[in-house]
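**Q** Once you've had a glance at the structure underneath, I'll fire off some questions.
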Amino acid sequence: MEKEKFEAIQAEVDDWIKNVGVRYFNELTNMTQLSEEVGEVARIIARRYGEQSEKEKDKNKDLGEELADVIFVAVCLANQTGVDLQKAWDEKLQLKTKRDKEGHQSNEKLK
């Protein structure tokens, strides 16, 4: 991923909020909204890929759209709390690589 990708996404969300959304919802509201959106993703995954049956009305739900909702609200939270997502992403990926590489490579369950 290009270094400035998250920067551009954060700016795009901020522009949308200022020009269309009027203002950010407060952090607690956004956290609740994030939980709701994650729940919608979980419902699709559980019913489409898990053992529960998928109701007819849910068969047209778009997983990509719901994942995009999760990302949008997460970016809103990052913007309003001053989180640099590119920096956080780079640091997290580096940590996961250092921590997990050997364990994942030698894990028989993953082969």
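The chains in the structure tokens are called A, B, ... from first to last as shown; in each chain the residues are counted from 1, and the ligands are counted from 1 in the order shown.
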Could you pull out the alpha helix (DSSP H) residues of chain A from DSSP and send them as a PyMOL selection string?

**A** chain A and resi 5-16+27-48+63-81+85-105

**Q** Please identify all polymer residues within 12 Å of Lys59 of chain A, counting only C-alpha atoms, omitting same-chain residues fewer than 4 positions from it, and present them as a VMD selection string.

**A** chain A and resid 43 to 45 47 to 49 53 to 55 63

**Q** Those residues with N, CA and C atoms, as a compact mmCIF listing (two decimals), in the first residue's frame please?

**A**
```txt
# COMPACT_ATOMS: atom_id res chain seq x y z
N ARG A 43 -23.54 -10.55 11.09
CA ARG A 43 -24.78 -11.23 10.70
C ARG A 43 -24.64 -11.85 9.31
N ILE A 44 -24.10 -11.10 8.37
CA ILE A 44 -23.91 -11.62 7.01
C ILE A 44 -22.96 -12.82 7.04
N ILE A 45 -21.84 -12.68 7.72
CA ILE A 45 -20.85 -13.76 7.76
C ILE A 45 -21.44 -15.00 8.44
N ARG A 47 -24.51 -15.97 8.76
CA ARG A 47 -25.59 -16.62 8.02
C ARG A 47 -25.17 -17.09 6.63
N ARG A 48 -24.28 -16.38 6.00
CA ARG A 48 -23.86 -16.75 4.65
C ARG A 48 -22.77 -17.82 4.66
N TYR A 49 -21.87 -17.75 5.64
CA TYR A 49 -20.73 -18.67 5.66
C TYR A 49 -20.75 -19.60 6.87
N SER A 53 -29.04 -20.41 8.91
CA SER A 53 -29.63 -20.17 7.59
C SER A 53 -29.79 -18.67 7.36
N GLU A 54 -29.66 -18.30 6.10
CA GLU A 54 -29.78 -16.89 5.72
C GLU A 54 -31.22 -16.62 5.32
N LYS A 55 -31.81 -15.62 5.93
CA LYS A 55 -33.19 -15.27 5.59
C LYS A 55 -33.23 -14.68 4.19
N LEU A 63 -21.91 -7.56 1.49
CA LEU A 63 -20.85 -7.62 2.50
C LEU A 63 -19.85 -6.48 2.31
```

**Q** Just give me the gap between atom CA of Lys109 of chain A and atom CA of Asp90 of chain A in Å, one decimal is fine.

**A**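 Atom-to-atom, atom CA of Lys109 of chain A to atom CA of Asp90 of chain A, that is 27.4 Å.
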
**Q** Using only C-alpha atoms, which protein or nucleic acid residues come within 12 Å of Glu66 of chain A? Drop anything in the same chain fewer than 2 positions from it, and give the result as a short mmCIF file (atom, residue, chain, number, x, y, z; two decimals) with N, CA, C and O atoms, in the first residue's frame.

**A**
```cif
data_model
loop_
_atom_site.label_atom_id
_atom_site.label_comp_id
_atom_site.auth_asym_id
_atom_site.auth_seq_id
_atom_site.Cartn_x
_atom_site.Cartn_y
_atom_site.Cartn_z
N LEU A 34 -20.20 2.22 15.14
CA LEU A 34 -19.22 1.23 14.70
C LEU A 34 -19.64 -0.17 15.16
O LEU A 34 -19.57 -1.14 14.39
N SER A 35 -20.08 -0.27 16.40
CA SER A 35 -20.55 -1.56 16.92
C SER A 35 -21.72 -2.09 16.10
O SER A 35 -21.80 -3.28 15.80
N GLU A 36 -22.65 -1.21 15.74
CA GLU A 36 -23.80 -1.60 14.92
C GLU A 36 -23.34 -2.11 13.56
O GLU A 36 -23.83 -3.13 13.06
N GLU A 37 -22.41 -1.41 12.95
CA GLU A 37 -21.93 -1.80 11.62
C GLU A 37 -21.19 -3.14 11.67
O GLU A 37 -21.35 -3.98 10.78
N VAL A 38 -20.38 -3.34 12.70
CA VAL A 38 -19.69 -4.61 12.86
C VAL A 38 -20.71 -5.73 13.06
O VAL A 38 -20.55 -6.84 12.52
N GLY A 39 -21.78 -5.44 13.77
CA GLY A 39 -22.85 -6.42 13.95
C GLY A 39 -23.49 -6.81 12.63
O GLY A 39 -23.84 -7.99 12.42
N GLU A 40 -23.66 -5.85 11.74
CA GLU A 40 -24.24 -6.15 10.42
C GLU A 40 -23.30 -7.05 9.61
O GLU A 40 -23.75 -7.97 8.93
N VAL A 41 -22.00 -6.79 9.70
CA VAL A 41 -21.02 -7.65 9.03
C VAL A 41 -21.09 -9.05 9.64
O VAL A 41 -21.12 -10.06 8.91
N ALA A 42 -21.14 -9.13 10.95
CA ALA A 42 -21.19 -10.43 11.64
C ALA A 42 -22.42 -11.22 11.23
O ALA A 42 -22.35 -12.44 11.02
N ARG A 43 -23.54 -10.55 11.09
CA ARG A 43 -24.78 -11.23 10.70
C ARG A 43 -24.64 -11.85 9.31
O ARG A 43 -25.02 -13.00 9.09
N ILE A 44 -24.10 -11.10 8.37
CA ILE A 44 -23.91 -11.62 7.01
C ILE A 44 -22.96 -12.82 7.04
O ILE A 44 -23.26 -13.87 6.45
N ILE A 45 -21.84 -12.68 7.72
CA ILE A 45 -20.85 -13.76 7.76
C ILE A 45 -21.44 -15.00 8.44
O ILE A 45 -21.29 -16.12 7.94
N ASN A 60 -29.65 -10.38 -0.26
CA ASN A 60 -29.17 -9.31 -1.14
C ASN A 60 -28.25 -8.32 -0.43
O ASN A 60 -27.79 -7.37 -1.04
N LYS A 61 -28.01 -8.54 0.86
CA LYS A 61 -27.13 -7.62 1.59
C LYS A 61 -25.72 -7.75 1.06
O LYS A 61 -25.22 -8.84 0.82
N ASP A 62 -25.08 -6.62 0.88
CA ASP A 62 -23.75 -6.55 0.27
C ASP A 62 -22.69 -6.50 1.37
O ASP A 62 -22.58 -5.50 2.10
N LEU A 63 -21.91 -7.56 1.49
CA LEU A 63 -20.85 -7.62 2.50
C LEU A 63 -19.85 -6.48 2.31
O LEU A 63 -19.42 -5.85 3.28
N GLY A 64 -19.48 -6.20 1.07
CA GLY A 64 -18.55 -5.11 0.80
C GLY A 64 -19.06 -3.77 1.30
O GLY A 64 -18.30 -2.98 1.88
N ALA A 68 -17.39 -1.50 4.18
CA ALA A 68 -17.08 -0.09 3.92
C ALA A 68 -17.67 0.80 5.01
O ALA A 68 -17.06 1.80 5.41
N ASP A 69 -18.87 0.46 5.49
CA ASP A 69 -19.47 1.21 6.61
C ASP A 69 -18.58 1.15 7.84
O ASP A 69 -18.37 2.15 8.53
N VAL A 70 -18.05 -0.04 8.13
CA VAL A 70 -17.15 -0.21 9.28
C VAL A 70 -15.91 0.68 9.11
O VAL A 70 -15.51 1.40 10.03
N ILE A 71 -15.33 0.65 7.92
CA ILE A 71 -14.13 1.45 7.65
C ILE A 71 -14.44 2.94 7.77
O ILE A 71 -13.68 3.69 8.39
N PHE A 72 -15.56 3.36 7.22
CA PHE A 72 -15.93 4.78 7.27
C PHE A 72 -16.02 5.27 8.71
O PHE A 72 -15.43 6.30 9.07
N VAL A 73 -16.73 4.53 9.54
CA VAL A 73 -16.90 4.98 10.93
C VAL A 73 -15.57 4.90 11.70
O VAL A 73 -15.26 5.79 12.50
#
```

**Q** With a distance cut-off of 10 Å and only C-alpha atoms, select the neighbouring residues of Asn26 of chain A, excluding the residue or stretch itself and same-chain residues fewer than 2 positions from it, and output the selection as an NGL selection string.

**A** :A and (23-24 or 28-31 or 76-77 or 80)

**Q** Next, the residues of the selection above should be written as a compact mmCIF listing (two decimals), in the first residue's frame with N, CA, C and O atoms.

**A**
```txt
# COMPACT_ATOMS: atom_id res chain seq x y z
N ARG A 23 -21.18 17.76 10.48
CA ARG A 23 -20.19 17.64 11.55
C ARG A 23 -20.06 16.17 11.93
O ARG A 23 -20.90 15.35 11.59
N TYR A 24 -19.00 15.85 12.65
CA TYR A 24 -18.83 14.49 13.18
C TYR A 24 -19.84 14.27 14.30
O TYR A 24 -20.09 15.17 15.10
N LEU A 28 -18.71 8.91 21.30
CA LEU A 28 -19.54 7.83 21.85
C LEU A 28 -20.58 7.37 20.82
O LEU A 28 -20.79 6.17 20.64
N THR A 29 -21.19 8.32 20.13
CA THR A 29 -22.15 7.96 19.09
C THR A 29 -21.46 7.19 17.98
O THR A 29 -21.98 6.17 17.50
N ASN A 30 -20.29 7.63 17.55
CA ASN A 30 -19.56 6.91 16.51
C ASN A 30 -19.13 5.52 16.96
O ASN A 30 -19.15 4.58 16.18
N MET A 31 -18.75 5.39 18.23
CA MET A 31 -18.38 4.07 18.74
C MET A 31 -19.59 3.13 18.71
O MET A 31 -19.47 1.96 18.32
N CYS A 76 -13.73 7.93 10.78
CA CYS A 76 -14.30 9.08 11.51
C CYS A 76 -13.73 9.15 12.93
O CYS A 76 -13.31 10.22 13.38
N LEU A 77 -13.70 8.02 13.61
CA LEU A 77 -13.15 7.99 14.97
C LEU A 77 -11.68 8.39 14.98
O LEU A 77 -11.24 9.12 15.86
N GLN A 80 -11.43 12.26 14.41
CA GLN A 80 -11.86 13.12 15.50
C GLN A 80 -11.04 12.93 16.78
O GLN A 80 -11.13 13.75 17.69
```

**Q** Counting only C-alpha atoms, which residues in segment 51-92 of chain A sit no more than 8 Å from segment 6-9 of chain A? For each one, give the nearest pair of atoms and the distance in Å, sorted by chain then residue number, as a Markdown table.

**A**
```
| residue | atom | partner | partner_atom | distance |
| --- | --- | --- | --- | --- |
| A:Val75 | CA | A:Ile9 | CA | 7.9 |
| A:Asp84 | CA | A:Glu7 | CA | 7.7 |
| A:Leu85 | CA | A:Phe6 | CA | 6.0 |
| A:Gln86 | CA | A:Phe6 | CA | 5.2 |
```

**Q** If you measure from atom CA of Thr97 of chain A to atom CA of Ala11 of chain A, what distance in Å do you get, rounded to one decimal?

**A**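 Atom-to-atom, atom CA of Thr97 of chain A and atom CA of Ala11 of chain A are spaced 27.8 Å apart.
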